[in-house]
file work-v2.cif (mmCIF, C-alpha atoms)
data_input
#
loop_
_atom_site.label_atom_id
_atom_site.label_comp_id
_atom_site.auth_asym_id
_atom_site.auth_seq_id
_atom_site.Cartn_x
_atom_site.Cartn_y
_atom_site.Cartn_z
CA MET A 1 -30.23 -12.06 -7.99
CA THR A 2 -31.34 -11.79 -11.64
CA PRO A 3 -29.06 -9.62 -13.73
CA GLU A 4 -31.02 -6.92 -15.50
CA SER A 5 -29.14 -5.19 -18.23
CA ALA A 6 -28.91 -1.45 -18.84
CA PRO A 7 -27.94 -1.42 -22.53
CA VAL A 8 -25.80 1.40 -23.86
CA VAL A 9 -27.73 3.48 -26.38
CA ARG A 10 -24.80 5.78 -27.20
CA GLN A 11 -21.33 6.11 -25.74
CA ARG A 12 -20.20 9.69 -25.23
CA LEU A 13 -16.80 9.36 -23.59
CA PHE A 14 -14.46 6.49 -22.88
CA TYR A 15 -11.26 7.19 -21.00
CA GLN A 16 -8.74 4.39 -20.58
CA GLY A 17 -6.88 4.83 -17.32
CA ARG A 18 -3.97 2.98 -15.77
CA LYS A 19 -5.99 0.77 -13.47
CA PHE A 20 -9.59 1.38 -14.52
CA ASN A 21 -11.61 3.05 -17.26
CA PHE A 22 -14.16 5.86 -17.19
CA ASP A 23 -17.27 5.55 -19.33
CA VAL A 24 -20.03 8.07 -20.00
CA SER A 25 -22.95 6.55 -21.88
CA ARG A 26 -26.59 7.01 -22.62
CA ARG A 27 -28.35 3.90 -21.26
CA ARG A 28 -31.82 2.45 -21.11
CA LEU A 29 -32.72 1.17 -17.63
CA PRO A 30 -35.06 -1.77 -16.94
CA ASN A 31 -37.81 0.67 -15.89
CA GLY A 32 -37.70 2.26 -19.36
CA ILE A 33 -35.97 5.49 -18.30
CA GLU A 34 -33.16 6.66 -20.61
CA GLY A 35 -30.38 8.93 -19.48
CA GLU A 36 -26.68 9.61 -19.49
CA TRP A 37 -24.62 8.23 -16.62
CA GLU A 38 -20.97 8.14 -15.65
CA LEU A 39 -19.24 4.96 -14.57
CA ILE A 40 -15.85 3.73 -13.40
CA ARG A 41 -15.20 0.35 -15.04
CA HIS A 42 -12.95 -1.43 -12.59
CA PRO A 43 -11.45 -4.95 -12.70
CA GLY A 44 -11.97 -5.42 -8.95
CA GLY A 45 -9.91 -5.07 -5.81
CA ALA A 46 -8.52 -7.77 -3.54
CA LEU A 47 -7.99 -7.20 0.18
CA ALA A 48 -6.51 -9.14 3.08
CA VAL A 49 -7.33 -9.04 6.78
CA PRO A 50 -3.90 -10.26 7.92
CA VAL A 51 -3.58 -11.58 11.46
CA THR A 52 -0.26 -12.32 13.17
CA PRO A 53 0.16 -15.36 15.43
CA GLU A 54 -0.15 -12.90 18.37
CA GLY A 55 -3.60 -11.77 17.13
CA LYS A 56 -2.50 -8.38 15.80
CA LEU A 57 -3.94 -6.99 12.59
CA VAL A 58 -1.51 -5.84 9.91
CA LEU A 59 -2.58 -2.58 8.27
CA VAL A 60 -0.89 0.11 6.20
CA ARG A 61 -0.92 3.83 6.80
CA GLN A 62 -1.02 4.89 3.16
CA TYR A 63 -0.84 8.24 1.41
CA ARG A 64 -3.88 8.85 -0.83
CA PHE A 65 -3.63 11.78 -3.22
CA ALA A 66 -7.44 11.73 -3.61
CA LEU A 67 -7.79 12.94 -0.01
CA GLU A 68 -4.32 14.46 0.35
CA ALA A 69 -3.98 12.50 3.58
CA ARG A 70 -2.76 9.21 5.04
CA LEU A 71 -5.40 6.54 5.56
CA LEU A 72 -5.41 3.43 7.69
CA GLU A 73 -6.26 0.51 5.39
CA PHE A 74 -5.92 -3.21 5.08
CA PRO A 75 -3.45 -4.24 2.36
CA ALA A 76 -5.23 -4.32 -1.00
CA GLY A 77 -4.61 -4.05 -4.70
CA THR A 78 -6.25 -3.90 -8.10
CA VAL A 79 -6.81 -7.25 -9.79
CA GLU A 80 -4.66 -7.41 -12.93
CA PRO A 81 -5.79 -8.90 -16.27
CA GLY A 82 -6.05 -12.69 -16.07
CA GLU A 83 -5.43 -12.73 -12.34
CA ASP A 84 -7.51 -14.48 -9.72
CA PRO A 85 -8.17 -12.06 -6.80
CA GLU A 86 -6.40 -14.44 -4.42
CA GLN A 87 -3.21 -14.22 -6.52
CA THR A 88 -3.50 -10.43 -6.44
CA ILE A 89 -3.74 -10.23 -2.70
CA ARG A 90 -0.99 -12.78 -2.03
CA ARG A 91 1.34 -10.57 -4.09
CA GLU A 92 0.09 -7.29 -2.58
CA LEU A 93 0.37 -8.55 1.00
CA GLU A 94 4.05 -9.33 0.46
CA GLU A 95 4.77 -6.07 -1.43
CA GLU A 96 2.92 -3.77 0.93
CA THR A 97 3.72 -5.33 4.30
CA GLY A 98 6.69 -7.71 3.93
CA TYR A 99 4.59 -10.53 5.39
CA SER A 100 3.43 -13.70 3.73
CA ALA A 101 0.58 -15.88 4.96
CA ARG A 102 0.46 -19.67 5.05
CA ARG A 103 -3.29 -19.87 5.57
CA TRP A 104 -5.83 -18.10 3.36
CA SER A 105 -9.61 -18.23 3.52
CA VAL A 106 -12.37 -16.35 1.70
CA LEU A 107 -14.14 -13.71 3.76
CA GLY A 108 -16.62 -12.48 1.15
CA LYS A 109 -17.10 -9.99 -1.65
CA PHE A 110 -19.01 -6.74 -1.78
CA PRO A 111 -19.64 -3.81 -4.16
CA LEU A 112 -17.59 -0.78 -3.12
CA ALA A 113 -19.28 2.27 -4.63
CA PRO A 114 -22.22 1.10 -6.76
CA GLY A 115 -23.45 4.63 -7.49
CA TYR A 116 -20.59 5.13 -9.95
CA SER A 117 -18.33 2.08 -10.02
CA ASP A 118 -18.68 -1.60 -10.87
CA GLU A 119 -15.83 -2.51 -8.49
CA PHE A 120 -16.18 -5.50 -6.22
CA ILE A 121 -13.82 -6.02 -3.29
CA TYR A 122 -12.76 -9.66 -2.81
CA ALA A 123 -11.81 -10.01 0.84
CA TYR A 124 -9.65 -12.75 2.36
CA LEU A 125 -8.50 -13.68 5.82
CA ALA A 126 -4.73 -14.21 5.91
CA GLN A 127 -3.41 -16.19 8.87
CA ASP A 128 -0.17 -17.86 10.01
CA LEU A 129 1.80 -14.77 8.93
CA GLU A 130 5.56 -14.84 8.58
CA LYS A 131 7.88 -11.89 8.10
CA LEU A 132 9.76 -12.31 4.82
CA ALA A 133 13.55 -12.27 5.07
CA GLN A 134 13.72 -10.49 1.72
CA PRO A 135 10.51 -8.54 1.10
CA PRO A 136 9.80 -7.59 -2.54
CA ALA A 137 10.09 -3.94 -3.60
CA GLN A 138 7.05 -1.71 -3.13
CA ASP A 139 5.44 0.00 -6.13
CA GLU A 140 7.36 3.25 -6.54
CA ASP A 141 4.24 5.43 -6.37
CA GLU A 142 3.11 3.88 -3.09
CA ASP A 143 3.98 5.74 0.07
CA LEU A 144 3.05 3.68 3.09
CA GLU A 145 4.15 2.27 6.42
CA VAL A 146 3.08 -0.94 8.13
CA VAL A 147 1.01 -0.61 11.33
CA LEU A 148 0.15 -3.46 13.72
CA LEU A 149 -3.01 -2.97 15.78
CA THR A 150 -5.11 -5.04 18.13
CA PRO A 151 -8.82 -5.33 17.23
CA ALA A 152 -9.61 -2.91 20.08
CA GLU A 153 -7.11 -0.37 18.72
CA LEU A 154 -8.61 -0.59 15.23
CA GLU A 155 -12.12 -0.12 16.65
CA ALA A 156 -10.92 2.97 18.49
CA ALA A 157 -9.42 4.36 15.26
CA ILE A 158 -12.69 3.76 13.38
CA ARG A 159 -14.75 5.36 16.14
CA GLU A 160 -12.49 8.41 16.30
CA GLY A 161 -12.87 8.97 12.54
CA ASP A 162 -9.15 8.40 12.01
CA LEU A 163 -9.56 8.06 8.23
CA VAL A 164 -10.28 4.35 8.02
CA ASP A 165 -11.96 3.58 4.69
CA ALA A 166 -15.15 1.64 3.94
CA LYS A 167 -13.49 -1.52 2.59
CA THR A 168 -11.30 -1.76 5.68
CA ILE A 169 -14.17 -1.24 8.12
CA THR A 170 -16.39 -3.68 6.21
CA ALA A 171 -13.75 -6.43 6.08
CA TYR A 172 -12.77 -5.95 9.72
CA PHE A 173 -16.30 -6.23 11.07
CA TRP A 174 -17.07 -9.11 8.73
CA ALA A 175 -14.08 -11.07 10.03
CA ARG A 176 -14.78 -10.22 13.65
CA TYR A 177 -18.54 -10.27 14.06
CA LEU A 178 -19.82 -12.49 11.25
CA LEU A 179 -17.00 -15.06 11.23
CA GLN A 180 -15.72 -14.58 14.79
CA ALA A 181 -12.27 -15.08 13.29
CA LEU A 182 -10.53 -12.31 15.29
CA MET B 1 -4.07 13.89 10.56
CA THR B 2 -1.90 16.46 8.76
CA PRO B 3 -3.10 17.23 5.24
CA GLU B 4 -0.32 16.79 2.73
CA SER B 5 -1.05 18.26 -0.62
CA ALA B 6 -0.51 16.63 -4.01
CA PRO B 7 -0.37 19.70 -6.25
CA VAL B 8 -1.59 19.45 -9.84
CA VAL B 9 1.27 19.98 -12.27
CA ARG B 10 -0.92 19.73 -15.38
CA GLN B 11 -4.56 18.90 -15.89
CA ARG B 12 -5.25 16.59 -18.81
CA LEU B 13 -8.98 15.98 -18.66
CA PHE B 14 -11.84 17.43 -16.66
CA TYR B 15 -15.30 16.00 -17.15
CA GLN B 16 -18.22 17.66 -15.42
CA GLY B 17 -20.86 15.08 -14.58
CA ARG B 18 -24.34 15.35 -13.13
CA LYS B 19 -23.43 14.48 -9.56
CA PHE B 20 -19.63 14.44 -9.57
CA ASN B 21 -16.67 15.35 -11.77
CA PHE B 22 -13.86 13.27 -13.24
CA ASP B 23 -10.36 14.71 -13.23
CA VAL B 24 -7.16 13.37 -14.80
CA SER B 25 -4.09 15.31 -13.74
CA ARG B 26 -0.36 15.08 -13.43
CA ARG B 27 0.46 15.54 -9.74
CA ARG B 28 3.48 15.74 -7.49
CA LEU B 29 3.14 13.55 -4.39
CA PRO B 30 4.70 14.36 -1.00
CA ASN B 31 7.38 11.68 -1.59
CA GLY B 32 8.52 13.55 -4.73
CA ILE B 33 7.05 11.10 -7.26
CA GLU B 34 5.24 12.68 -10.22
CA GLY B 35 2.62 10.88 -12.24
CA GLU B 36 -0.79 11.07 -13.85
CA TRP B 37 -3.78 9.89 -11.84
CA GLU B 38 -7.52 9.70 -12.30
CA LEU B 39 -9.95 10.94 -9.67
CA ILE B 40 -13.67 11.23 -9.05
CA ARG B 41 -14.33 14.60 -7.40
CA HIS B 42 -17.43 14.01 -5.34
CA PRO B 43 -19.35 16.36 -3.01
CA GLY B 44 -20.01 13.55 -0.51
CA GLY B 45 -22.80 11.14 0.27
CA ALA B 46 -25.17 11.10 3.23
CA LEU B 47 -26.65 7.88 4.57
CA ALA B 48 -29.19 6.90 7.23
CA VAL B 49 -29.46 3.76 9.32
CA PRO B 50 -33.21 4.08 9.92
CA VAL B 51 -34.74 2.06 12.75
CA THR B 52 -38.48 1.61 13.29
CA PRO B 53 -39.99 1.63 16.80
CA GLU B 54 -40.15 -2.20 16.45
CA GLY B 55 -36.37 -2.38 15.90
CA LYS B 56 -36.52 -3.11 12.16
CA LEU B 57 -34.03 -1.57 9.77
CA VAL B 58 -35.40 0.28 6.74
CA LEU B 59 -33.42 -0.46 3.57
CA VAL B 60 -34.01 -0.10 -0.14
CA ARG B 61 -33.58 -2.76 -2.80
CA GLN B 62 -32.29 -0.47 -5.54
CA TYR B 63 -31.43 -0.99 -9.20
CA ARG B 64 -27.83 -0.01 -9.98
CA PHE B 65 -26.94 0.25 -13.66
CA ALA B 66 -23.23 0.02 -12.73
CA LEU B 67 -23.76 -3.61 -11.69
CA GLU B 68 -26.92 -4.27 -13.73
CA ALA B 69 -28.46 -5.67 -10.55
CA ARG B 70 -30.54 -4.73 -7.51
CA LEU B 71 -28.60 -4.01 -4.34
CA LEU B 72 -29.66 -3.90 -0.73
CA GLU B 73 -28.63 -0.50 0.66
CA PHE B 74 -29.43 1.96 3.37
CA PRO B 75 -31.14 5.11 2.04
CA ALA B 76 -28.50 7.56 0.85
CA GLY B 77 -27.99 10.47 -1.49
CA THR B 78 -25.45 12.84 -2.93
CA VAL B 79 -24.92 16.07 -0.97
CA GLU B 80 -26.09 19.00 -3.10
CA PRO B 81 -24.27 22.36 -3.34
CA GLY B 82 -24.63 24.36 -0.14
CA GLU B 83 -26.31 21.49 1.69
CA ASP B 84 -25.36 20.08 5.05
CA PRO B 85 -25.21 16.25 4.84
CA GLU B 86 -27.93 16.00 7.50
CA GLN B 87 -30.31 18.02 5.30
CA THR B 88 -29.48 15.72 2.38
CA ILE B 89 -30.31 12.58 4.26
CA ARG B 90 -33.49 13.94 5.87
CA ARG B 91 -34.76 14.65 2.33
CA GLU B 92 -33.52 11.36 0.87
CA LEU B 93 -35.00 9.27 3.67
CA GLU B 94 -38.45 10.71 2.96
CA GLU B 95 -38.09 10.44 -0.84
CA GLU B 96 -36.68 6.93 -0.92
CA THR B 97 -38.64 5.27 1.87
CA GLY B 98 -41.70 7.38 2.72
CA TYR B 99 -40.56 7.54 6.36
CA SER B 100 -39.46 10.55 8.37
CA ALA B 101 -37.45 10.37 11.59
CA ARG B 102 -37.93 12.49 14.68
CA ARG B 103 -34.57 11.61 16.21
CA TRP B 104 -31.25 11.98 14.36
CA SER B 105 -27.74 11.35 15.62
CA VAL B 106 -24.33 11.29 13.96
CA LEU B 107 -22.85 7.85 13.42
CA GLY B 108 -19.58 8.86 11.80
CA LYS B 109 -17.93 9.58 8.47
CA PHE B 110 -15.60 7.52 6.35
CA PRO B 111 -13.89 7.64 2.93
CA LEU B 112 -15.67 5.36 0.46
CA ALA B 113 -13.18 4.53 -2.30
CA PRO B 114 -9.96 6.48 -1.62
CA GLY B 115 -8.05 4.84 -4.48
CA TYR B 116 -9.97 6.94 -7.00
CA SER B 117 -12.55 9.11 -5.25
CA ASP B 118 -12.54 11.86 -2.65
CA GLU B 119 -16.06 10.92 -1.49
CA PHE B 120 -16.83 10.78 2.20
CA ILE B 121 -19.97 9.09 3.48
CA TYR B 122 -21.66 10.97 6.34
CA ALA B 123 -23.66 8.40 8.27
CA TYR B 124 -26.55 9.10 10.65
CA LEU B 125 -28.77 7.04 12.88
CA ALA B 126 -32.46 7.84 12.26
CA GLN B 127 -34.85 6.82 15.02
CA ASP B 128 -38.49 7.35 16.02
CA LEU B 129 -39.57 6.74 12.41
CA GLU B 130 -43.04 7.62 11.20
CA LYS B 131 -44.65 6.64 7.93
CA LEU B 132 -45.54 9.81 6.00
CA ALA B 133 -49.19 10.17 5.00
CA GLN B 134 -48.11 11.86 1.77
CA PRO B 135 -44.62 10.73 0.81
CA PRO B 136 -42.75 12.98 -1.68
CA ALA B 137 -42.14 11.78 -5.25
CA GLN B 138 -39.07 9.64 -5.90
CA ASP B 139 -36.41 10.79 -8.38
CA GLU B 140 -37.60 9.54 -11.75
CA ASP B 141 -34.40 7.64 -12.50
CA GLU B 142 -34.53 5.74 -9.20
CA ASP B 143 -35.99 2.25 -9.28
CA LEU B 144 -36.29 0.90 -5.77
CA GLU B 145 -38.51 -0.78 -3.22
CA VAL B 146 -38.47 -0.45 0.55
CA VAL B 147 -37.40 -3.51 2.57
CA LEU B 148 -37.70 -3.91 6.36
CA LEU B 149 -35.22 -6.31 7.96
CA THR B 150 -34.22 -7.31 11.46
CA PRO B 151 -30.50 -6.97 12.28
CA ALA B 152 -30.19 -10.78 12.08
CA GLU B 153 -31.78 -10.78 8.61
CA LEU B 154 -29.41 -8.09 7.39
CA GLU B 155 -26.41 -10.02 8.76
CA ALA B 156 -27.62 -13.12 6.91
CA ALA B 157 -27.90 -11.11 3.66
CA ILE B 158 -24.36 -9.75 4.10
CA ARG B 159 -22.95 -13.18 4.88
CA GLU B 160 -24.68 -14.74 1.86
CA GLY B 161 -23.16 -12.12 -0.45
CA ASP B 162 -26.60 -10.81 -1.35
CA LEU B 163 -25.20 -7.65 -2.96
CA VAL B 164 -25.01 -5.44 0.10
CA ASP B 165 -22.58 -2.59 -0.55
CA ALA B 166 -19.63 -1.34 1.52
CA LYS B 167 -21.30 1.83 2.86
CA THR B 168 -24.29 -0.17 4.06
CA ILE B 169 -22.20 -2.86 5.76
CA THR B 170 -19.92 -0.25 7.34
CA ALA B 171 -22.78 1.85 8.72
CA TYR B 172 -24.70 -1.19 9.97
CA PHE B 173 -21.77 -2.66 11.91
CA TRP B 174 -20.80 0.78 13.21
CA ALA B 175 -24.30 1.32 14.61
CA ARG B 176 -24.55 -2.18 16.03
CA TYR B 177 -21.11 -3.04 17.35
CA LEU B 178 -19.43 0.31 18.03
CA LEU B 179 -22.47 2.22 19.26
CA GLN B 180 -24.64 -0.71 20.40
CA ALA B 181 -27.56 1.29 19.01
CA LEU B 182 -29.35 -1.66 17.34
#
call {"tool": "encode", "arguments": {"input": "work-v2.cif", "output": "structure tokens"}}
result
Amino acid sequence: MTPESAPVVRQRLFYQGRKFNFDVSRRRLPNGIEGEWELIRHPGGALAVPVTPEGKLVLVRQYRFALEARLLEFPAGTVEPGEDPEQTIRRELEEETGYSARRWSVLGKFPLAPGYSDEFIYAYLAQDLEKLAQPPAQDEDEDLEVVLLTPAELEAAIREGDLVDAKTITAYFWARYLLQAL
Amino acid sequence: MTPESAPVVRQRLFYQGRKFNFDVSRRRLPNGIEGEWELIRHPGGALAVPVTPEGKLVLVRQYRFALEARLLEFPAGTVEPGEDPEQTIRRELEEETGYSARRWSVLGKFPLAPGYSDEFIYAYLAQDLEKLAQPPAQDEDEDLEVVLLTPAELEAAIREGDLVDAKTITAYFWARYLLQAL
């Protein structure tokens, strides 16, 4: 994959958000076309597919203001400055679910929404889970509950359109059908 | 799924883009927390998993300025005002690939990036493909080539991290492992 730059000719708007920035710029594409495009500049997200010793998947049913609904998602979080994505997800797994994992392996990475965001999701498999005696506090603006599902139950939820998001579906199938890890 | 609203207390920024809008607002969440959050307001995306009579998948290798790289994706497009997602994807399939499909079926829908976007992807299976004698013109700011892959070749590309995005991986696995349609 050769990187091909799309240099900024003129920046029109730059909004610095809490977790990501929003950039509107006039750019010149490799094919010579110039235009103005909008872009989320995102530091990346880290996600775990956590599996209990009994083979259950640990998910969160999480409120998302963007959809004004509760979604079924794997634990995940935004990579913070200077952090390695594996550090991010080790922390987020404990905060969001109260579990820690003794065995971590890389699942893969993928672009989430390349039409308007440079975010990559870094996905890990988290095994040998243990319930923490003293789980850390959740972020105060998170509103979620932990849900344990078998692979068959998660597949049923996906099939029924039960608001399972793209990163969760991608990471689940990747772990199950490409790695045969579930 | 009960919708639970997150009413806007005060809007700070509203940017109207070409295909979607960007909104920064102070909101009150169902758990009582108030804060300011950023959101892409998106009309939705429609995607096809197109399959030739020989069982090959039709994808596009598409330049994405957000990543300054070429990604392997299923044909997809933004739903336009008043459009049904199936109309969107029938048009986009012809424009992006030069194929039309005689058989369409619903695969499912899923939220793409619920941390900062309200976009849903509406995914369809497109079968009985025919090459158009006179394909319509591509959008001038699109820079893509058509790629035909077997399911095994696409799985290899995903596994190798060959820049396949979340909507493409989700729709592929959904068609193959939930519907057994590939």
call {"tool": "atom_distance", "arguments": {"input": "work-v2.cif", "atom1": "atom CA of B:Val8", "atom2": "atom CA of A:Glu95"}}
result
27.6 Å
call {"tool": "resolve_selection", "arguments": {"input": "work-v2.cif", "expression": "the PyMOL selection byres ((chain B) within 6 of (chain A))", "output": "short mmCIF file (atom, residue, chain, number, x, y, z; two decimals) with C-alpha atoms, in the frame of the given file"}}
result
data_model
loop_
_atom_site.label_atom_id
_atom_site.label_comp_id
_atom_site.auth_asym_id
_atom_site.auth_seq_id
_atom_site.Cartn_x
_atom_site.Cartn_y
_atom_site.Cartn_z
CA PRO B 3 -3.10 17.23 5.24
CA GLU B 4 -0.32 16.79 2.73
CA SER B 5 -1.05 18.26 -0.62
CA ALA B 6 -0.51 16.63 -4.01
CA PHE B 65 -26.94 0.25 -13.66
CA ALA B 66 -23.23 0.02 -12.73
CA LEU B 67 -23.76 -3.61 -11.69
CA GLU B 68 -26.92 -4.27 -13.73
CA ALA B 69 -28.46 -5.67 -10.55
CA PHE B 110 -15.60 7.52 6.35
CA PRO B 111 -13.89 7.64 2.93
CA LEU B 112 -15.67 5.36 0.46
CA SER B 117 -12.55 9.11 -5.25
CA ASP B 118 -12.54 11.86 -2.65
CA ASP B 165 -22.58 -2.59 -0.55
CA ALA B 166 -19.63 -1.34 1.52
CA ILE B 169 -22.20 -2.86 5.76
CA THR B 170 -19.92 -0.25 7.34
#
call {"tool": "residues_near_point", "arguments": {"input": "work-v2.cif", "point": "(-33.8, 2.4, 8.4)", "cutoff": "12 Å", "atoms": "all atoms listed in the file", "output": "ChimeraX atom specification"}}
result
/B:47-60,72-76,89-90,92-94,96-101,104,123-131,146-151,154,168,171-172,175,182
call {"tool": "atom_distance", "arguments": {"input": "work-v2.cif", "atom1": "atom CA of A:Pro135", "atom2": "atom CA of A:Arg102"}}
result
15.5 Å
call {"tool": "atom_distance", "arguments": {"input": "work-v2.cif", "atom1": "atom CA of B:Phe14", "atom2": "atom CA of B:Glu86"}}
result
29.1 Å
call {"tool": "resolve_selection", "arguments": {"input": "work-v2.cif", "expression": "the PyMOL selection byres ((chain B and resi 79) around 7)", "output": "MDAnalysis selection string"}}
result
chainID B and resid 43:46 77:78 80:81 83 85 88
call {"tool": "resolve_selection", "arguments": {"input": "work-v2.cif", "expression": "the PyMOL selection byres ((chain A and resi 144) around 6)", "output": "list in words"}}
result
Arg61, Gln62, Asp143 and Glu145 of chain A
